[in-house]
Amino acid sequence: PTSFSTVDGPMPLHRAVPRTNAYPVASLGEELSAVVHAIQQRVQSPIELCAQSTLAVVAMASQAIIDVRLPHGEIRGTSLSLISIASSGERKSATDRICMRPGETRQRDLRRQFLEEASAPCQTVAEPDEPWFREVGNIVVADFANGSKRKKKPRKAPKPQNLRIPTIVVANATQAGLLRTLEGGQSALGLMSDEGGIFIGGSGMSPSNALKTATIMSKMWDGAPFDIASGNKDPVWFVGRRLTSHLMMQPEVAETWLNDRIIQGQGLFSRMLIAAPQSLAGTRLFQPISNVNEATIARFQAKMLTLLEMPARFAPGSESELEPRVVSMTDEAEALWVEFYNRCELQMGPEGRLFPIAAFANKAGEHAARLAAVIAFFANPEVCKLGKSAMARGIELVEWYIEEALRISGVASVPRNIQLAIELAHWLHNRWPALNKSAPHIVSLVDIYQNGPNAIRVKGVAEPIVEVLLDHGWLKRILGGIEVRGKRRRDNVFEIVAAQSGSG
């Protein structure tokens with residue numbers, strides 16, 4: 001063979017995911033829905049991405065100011081954990097940049113203030129291994145890269161009392177790094193990444209650290225205290241910490257992560273609001289810049305900066321333990337919440353519609369309350385009661401996320417051998433051609449288990465996965481042998497079949 005075969009095309013490795021329902025943008029409220037539409041019209045990214053990024057930055061501001069009281073008396077934070085699944089080219093970065101600009105501005109202001117205070121005379125001297133000292137050094141090095149006259153990280157630096165690391169937004173974090181930032185820094189953080197695969201593929205989510213990182217993220221979403229003891233250091237007790245996260249990732253990364261049994265068992269995914277919008281590629285014709293939309297975005301960014309500058313509320317006598325103002329519900333809002341809660345509960349049994357996503361549905365009421373509080377906070381930062389209309393908005397949004405979770409639950413339940421087959425097919429079409437440029441459409445079993453995805457780099461594991469691709473038409477066996485990368489292969493040599501539109 002001399003080219004990829006396209007006669008019949010391969011069969012899909014799993015059933016196609018149905019199209020998503022329209023995102024209920026109006027439920028965000030008049031002001032926020034106008035912002036989401038303005039961002040969508042400027043960037044031409046899926047409306048779901050615009051909504052997710054907008055909600056993330058508002059929640060990042062609200063989590064240090066307000067909590068929400070549920071009808072059964074429990075007090076919960078207003079942190080949100082969001083996942084947006086979209087292929088490369090869907091303009092995730094451009095969308096996120098618009099929403100996160102106020103966060104970046106606030107962080108720059110905090111760092112400037114931090115350096116001024118760090119250089120003030122005081123009696124305490126920091127040791128180089130202290131978290132805050134490392135932050136000073138990182139900022140000094142960054143200043144030098146931007147033209148500052150400071151060239152070296154100082155050996156020692158003055159440490160004023162109560163000076164805290166000025167980081168409020170991180171794009172990637174290991175478990176140790178997240179804890180170090182919390183220990184010596186801000187009590188409310190945003191984990192925001194338009195390349196979530198970097199976080200998922202990093203050391204924080206490695207097999208040895210994934211459970212610890214997921215547990216910390218869940219605890220911070222819950223607003224629950226937790227302690228960490230390691231090495232020769234005394235245990236560190238974390239109370240009143242908050243984390244809002246928004247991880248944007250490609251479908252291949254999401255499929256692998258959502259199938260991680262360890263993370264599933266820990267419960268992190270039940271705390272996450274997931275959106276996997278339909279691609280807009282091929283529909284994004286040029287549009288002139290709208291002055292109205294630009295003004296809407298500018299007002300949003302200015303307002304968000306003001307909200308991010310609001311002083312966090314701490315417990316008496318503490319400068320690290322958050323104690324946000326508690327927002328309760330009116331009687332009408334509480335009755336609406338109870339009706340929604342009961343409706344979800346009745347559908348979670350073994351025969352119920354929500355049984356496949358029971359873990360998420362079990363937290364649907366809490367998600368609705370959090371979303372209602374976040375939206376109400378943006379409309380009025382001094383909010384003290386959630387009314388019926390605010391709760392209705394939160395419930396309508398969660399109903400969409402429930403449908404989205406049901407829609408993609410089939411993807412998350414793909415058997416392990418099919419997951420590996422999907423991963424191998426992706427590697428054959430995207431990685432292998434660079435290794436075999438002279439004949440990228442030919443591959444041998446030896447090449448697969450020597451160079452392929454890490455999970456199948458054993459012959460006994462690779463063989464049944466190759467059989468799956470053979471059965472589905474993604475590979476065709478070449479009889480009689482052929483030369484591959486300068487070596488004669490007598491058997492187990494295959495032609496790679498090109499994917500047809502819609503296959504996968």
# chains A, B, ... in the order shown; residues from 1 in each chain; ligands from 1
>>> residues_around(residues="Val468 in chain A", least_positions_apart="4", cutoff="8 Å", atoms="only C-alpha atoms", output="JSON, numbers by chain")
{"A": [417, 418, 421, 464, 472]}
>>> write_last_selection(atoms="N, CA and C atoms", output="PDB file, in the first residue's frame")
ATOM      1  N   ASN A 417     -10.616  -1.477  27.383  1.00  0.00           N
ATOM      2  CA  ASN A 417      -9.962  -1.866  26.130  1.00  0.00           C
ATOM      3  C   ASN A 417     -10.329  -0.915  24.991  1.00  0.00           C
ATOM      4  N   ILE A 418     -11.556  -0.362  25.031  1.00  0.00           N
ATOM      5  CA  ILE A 418     -11.946   0.605  24.005  1.00  0.00           C
ATOM      6  C   ILE A 418     -11.232   1.929  24.242  1.00  0.00           C
ATOM      7  N   ALA A 421      -7.894   1.502  22.844  1.00  0.00           N
ATOM      8  CA  ALA A 421      -7.961   1.478  21.386  1.00  0.00           C
ATOM      9  C   ALA A 421      -8.111   2.888  20.820  1.00  0.00           C
ATOM     10  N   PRO A 464      -4.149  -7.435  22.123  1.00  0.00           N
ATOM     11  CA  PRO A 464      -5.619  -7.365  22.087  1.00  0.00           C
ATOM     12  C   PRO A 464      -6.159  -5.994  21.694  1.00  0.00           C
ATOM     13  N   HIS A 472     -12.550  -3.211  14.093  1.00  0.00           N
ATOM     14  CA  HIS A 472     -13.328  -2.012  13.763  1.00  0.00           C
ATOM     15  C   HIS A 472     -12.858  -1.337  12.481  1.00  0.00           C
TER      16      HIS A 472
END
>>> residues_around(residues="Lys388 in chain A", least_positions_apart="6", cutoff="8 Å", atoms="only C-alpha atoms", output="list of chain:residue names")
A:Thr330, A:Glu332, A:Ala333, A:Glu334, A:Leu336
>>> residues_around(residues="range 451-456 of chain A", least_positions_apart="6", cutoff="7 Å", atoms="only C-alpha atoms", output="PDB file with N, CA, C and O atoms, in the first residue's frame")
ATOM      1  N   LEU A 424      -4.751   4.514  21.139  1.00  0.00           N
ATOM      2  CA  LEU A 424      -3.816   4.013  20.126  1.00  0.00           C
ATOM      3  C   LEU A 424      -4.153   4.579  18.751  1.00  0.00           C
ATOM      4  O   LEU A 424      -3.251   4.972  17.996  1.00  0.00           O
ATOM      5  N   TRP A 427      -2.847   7.995  18.543  1.00  0.00           N
ATOM      6  CA  TRP A 427      -1.382   7.982  18.410  1.00  0.00           C
ATOM      7  C   TRP A 427      -0.971   7.615  16.989  1.00  0.00           C
ATOM      8  O   TRP A 427      -0.056   8.233  16.423  1.00  0.00           O
ATOM      9  N   ALA A 462      -0.584  -4.890  24.140  1.00  0.00           N
ATOM     10  CA  ALA A 462      -0.780  -4.270  22.827  1.00  0.00           C
ATOM     11  C   ALA A 462      -1.555  -5.167  21.867  1.00  0.00           C
ATOM     12  O   ALA A 462      -2.385  -4.684  21.084  1.00  0.00           O
TER      13      ALA A 462
END
>>> closest_residue(among="A:Ile357, A:Val484, A:Val236, A:Ile263", to="Ser206 in chain A", atoms="only C-alpha atoms")
A:Ile263
>>> atom_distance(atom1="CA of Met205 in chain A", atom2="CA of Gly240 in chain A")
23.8 Å
>>> closest_residue(among="A:Ala281, A:Ile98, A:Leu346, A:Met304", to="Val43 in chain A", atoms="only C-alpha atoms")
A:Ile98
>>> residues_around(residues="Leu268 in chain A", least_positions_apart="4", cutoff="12 Å", atoms="only C-alpha atoms", output="PyMOL selection string")
chain A and resi 80-83+210-222+245+257-258+260-264+272-274+359-360+363
>>> write_last_selection(atoms="N, CA, C and O atoms", output="CSV table (one decimal), in the first residue's frame")
chain,number,residue,atom,x,y,z
A,80,LEU,N,-16.9,27.2,42.7
A,80,LEU,CA,-17.4,26.3,41.7
A,80,LEU,C,-16.2,25.6,41.1
A,80,LEU,O,-15.1,26.1,41.0
A,81,SER,N,-16.4,24.4,40.6
A,81,SER,CA,-15.4,23.6,39.9
A,81,SER,C,-16.0,23.3,38.5
A,81,SER,O,-17.1,22.6,38.4
A,82,LEU,N,-15.4,23.8,37.5
A,82,LEU,CA,-15.9,23.7,36.1
A,82,LEU,C,-14.9,23.0,35.2
A,82,LEU,O,-13.7,23.2,35.3
A,83,ILE,N,-15.5,22.2,34.3
A,83,ILE,CA,-14.7,21.6,33.2
A,83,ILE,C,-15.3,21.9,31.9
A,83,ILE,O,-16.5,21.7,31.7
A,210,ALA,N,-2.5,11.7,42.4
A,210,ALA,CA,-3.8,12.0,42.0
A,210,ALA,C,-4.8,12.0,43.1
A,210,ALA,O,-5.6,12.9,43.2
A,211,LEU,N,-4.8,11.0,43.9
A,211,LEU,CA,-5.8,10.9,45.0
A,211,LEU,C,-5.6,12.0,46.0
A,211,LEU,O,-6.6,12.6,46.4
A,212,LYS,N,-4.4,12.3,46.3
A,212,LYS,CA,-4.1,13.4,47.3
A,212,LYS,C,-4.6,14.8,46.7
A,212,LYS,O,-5.2,15.6,47.4
A,213,THR,N,-4.3,15.0,45.5
A,213,THR,CA,-4.6,16.3,44.9
A,213,THR,C,-6.2,16.4,44.8
A,213,THR,O,-6.8,17.4,45.1
A,214,ALA,N,-6.8,15.3,44.3
A,214,ALA,CA,-8.3,15.3,44.2
A,214,ALA,C,-8.9,15.5,45.5
A,214,ALA,O,-9.9,16.2,45.7
A,215,THR,N,-8.4,14.9,46.6
A,215,THR,CA,-8.9,15.1,47.9
A,215,THR,C,-8.8,16.5,48.4
A,215,THR,O,-9.8,17.1,49.0
A,216,ILE,N,-7.7,17.2,48.2
A,216,ILE,CA,-7.5,18.6,48.6
A,216,ILE,C,-8.5,19.4,47.8
A,216,ILE,O,-9.2,20.3,48.4
A,217,MET,N,-8.7,19.2,46.5
A,217,MET,CA,-9.6,20.0,45.7
A,217,MET,C,-11.0,19.8,46.2
A,217,MET,O,-11.8,20.8,46.3
A,218,SER,N,-11.4,18.6,46.5
A,218,SER,CA,-12.7,18.4,47.0
A,218,SER,C,-12.9,19.0,48.4
A,218,SER,O,-14.0,19.6,48.7
A,219,LYS,N,-12.0,18.9,49.3
A,219,LYS,CA,-12.1,19.5,50.6
A,219,LYS,C,-12.2,21.0,50.5
A,219,LYS,O,-13.0,21.7,51.2
A,220,MET,N,-11.5,21.7,49.6
A,220,MET,CA,-11.6,23.1,49.4
A,220,MET,C,-12.9,23.5,48.8
A,220,MET,O,-13.5,24.5,49.1
A,221,TRP,N,-13.4,22.7,47.9
A,221,TRP,CA,-14.8,22.9,47.3
A,221,TRP,C,-15.8,22.9,48.4
A,221,TRP,O,-16.7,23.7,48.5
A,222,ASP,N,-15.7,21.8,49.3
A,222,ASP,CA,-16.6,21.7,50.4
A,222,ASP,C,-16.5,22.8,51.4
A,222,ASP,O,-17.4,23.0,52.2
A,245,SER,N,-12.2,26.3,40.4
A,245,SER,CA,-11.3,25.8,39.3
A,245,SER,C,-12.1,25.8,38.0
A,245,SER,O,-13.3,25.6,38.0
A,257,TRP,N,-9.4,11.2,31.6
A,257,TRP,CA,-9.5,11.6,33.0
A,257,TRP,C,-10.8,11.2,33.6
A,257,TRP,O,-10.9,10.7,34.8
A,258,LEU,N,-11.9,11.3,32.9
A,258,LEU,CA,-13.3,11.0,33.4
A,258,LEU,C,-13.4,9.5,33.7
A,258,LEU,O,-14.3,9.1,34.4
A,260,ASP,N,-10.9,7.8,35.0
A,260,ASP,CA,-10.0,7.4,36.1
A,260,ASP,C,-10.8,6.9,37.3
A,260,ASP,O,-11.5,7.7,37.9
A,261,ARG,N,-10.7,5.6,37.6
A,261,ARG,CA,-11.5,5.0,38.6
A,261,ARG,C,-11.1,5.6,40.0
A,261,ARG,O,-12.0,5.7,40.9
A,262,ILE,N,-9.9,5.9,40.2
A,262,ILE,CA,-9.4,6.5,41.5
A,262,ILE,C,-10.1,7.8,41.7
A,262,ILE,O,-10.7,8.1,42.8
A,263,ILE,N,-10.1,8.7,40.7
A,263,ILE,CA,-10.7,10.0,40.9
A,263,ILE,C,-12.3,9.9,41.0
A,263,ILE,O,-12.9,10.6,41.8
A,264,GLN,N,-12.8,8.9,40.2
A,264,GLN,CA,-14.3,8.7,40.3
A,264,GLN,C,-14.7,8.3,41.7
A,264,GLN,O,-15.6,8.8,42.3
A,272,MET,N,-18.1,18.7,40.1
A,272,MET,CA,-17.8,19.5,38.9
A,272,MET,C,-18.9,19.7,37.9
A,272,MET,O,-19.7,18.8,37.7
A,273,LEU,N,-19.0,20.9,37.4
A,273,LEU,CA,-20.0,21.2,36.3
A,273,LEU,C,-19.3,21.1,35.0
A,273,LEU,O,-18.4,21.9,34.7
A,274,ILE,N,-19.7,20.2,34.2
A,274,ILE,CA,-19.0,19.8,33.0
A,274,ILE,C,-19.8,20.3,31.7
A,274,ILE,O,-21.0,20.1,31.7
A,359,ALA,N,-24.0,10.2,41.7
A,359,ALA,CA,-23.1,10.9,42.5
A,359,ALA,C,-23.2,12.4,42.3
A,359,ALA,O,-23.3,13.2,43.2
A,360,PHE,N,-23.3,12.8,41.0
A,360,PHE,CA,-23.5,14.2,40.7
A,360,PHE,C,-24.9,14.7,41.1
A,360,PHE,O,-25.1,15.8,41.7
A,363,LYS,N,-25.6,15.9,44.5
A,363,LYS,CA,-25.1,17.2,44.9
A,363,LYS,C,-25.8,18.3,44.1
A,363,LYS,O,-25.4,19.4,44.1
>>> atom_distance(atom1="CA of Leu70 in chain A", atom2="CA of Ser270 in chain A")
17.9 Å
>>> atom_distance(atom1="CA of Phe314 in chain A", atom2="CA of Asn380 in chain A")
20.5 Å
>>> residues_around(residues="range 299-303 of chain A", least_positions_apart="4", cutoff="10 Å", atoms="only C-alpha atoms", output="PDB file with C-alpha atoms, in the first residue's frame")
ATOM      1  CA  GLU A  31     -26.234  41.612  33.148  1.00  0.00           C
ATOM      2  CA  LEU A  32     -24.196  38.382  33.044  1.00  0.00           C
ATOM      3  CA  ALA A  34     -25.296  40.181  28.138  1.00  0.00           C
ATOM      4  CA  VAL A  35     -21.624  39.682  29.016  1.00  0.00           C
ATOM      5  CA  VAL A  36     -21.648  36.069  27.836  1.00  0.00           C
ATOM      6  CA  THR A  54     -17.623  33.961  33.179  1.00  0.00           C
ATOM      7  CA  ILE A  98     -11.188  38.087  28.401  1.00  0.00           C
ATOM      8  CA  CYS A  99     -12.750  36.736  31.580  1.00  0.00           C
ATOM      9  CA  MET A 100      -9.531  36.327  33.553  1.00  0.00           C
ATOM     10  CA  ARG A 101      -8.058  39.746  32.762  1.00  0.00           C
ATOM     11  CA  PRO A 102      -9.436  41.252  36.010  1.00  0.00           C
ATOM     12  CA  GLY A 103      -7.865  38.376  37.966  1.00  0.00           C
ATOM     13  CA  THR A 105      -4.742  42.700  37.039  1.00  0.00           C
ATOM     14  CA  ASN A 293     -20.191  44.444  22.913  1.00  0.00           C
ATOM     15  CA  GLU A 294     -16.813  46.034  23.665  1.00  0.00           C
ATOM     16  CA  ALA A 295     -18.448  48.390  26.136  1.00  0.00           C
ATOM     17  CA  LEU A 307     -15.322  42.557  43.277  1.00  0.00           C
ATOM     18  CA  LEU A 308     -11.890  40.908  43.417  1.00  0.00           C
ATOM     19  CA  GLU A 309     -10.599  43.875  45.429  1.00  0.00           C
ATOM     20  CA  PHE A 378     -22.550  39.578  40.898  1.00  0.00           C
TER      21      PHE A 378
END
>>> residues_around(residues="Glu404 in chain A", least_positions_apart="2", cutoff="12 Å", atoms="only C-alpha atoms", output="ChimeraX atom specification")
/A:17-23,48,83-85,272-278,354,357,360-361,397-402,406-411
>>> closest_residue(among="A:Ala335, A:Leu470, A:Val497, A:Ile482", to="His441 in chain A", atoms="only C-alpha atoms")
A:Val497
>>> closest_residue(among="A:Asn430, A:Gln287, A:Thr78, A:Ser187", to="Val57 in chain A", atoms="only C-alpha atoms")
A:Thr78
>>> select_by_dssp(residues="range 179-229 of chain A", states="alpha helix (DSSP H)", output="JSON, numbers by chain")
{"A": [179, 180, 181, 182, 183, 184, 196, 197, 198, 199, 200, 201, 210, 211, 212, 213, 214, 215, 216, 217, 218, 219, 220, 221, 222]}
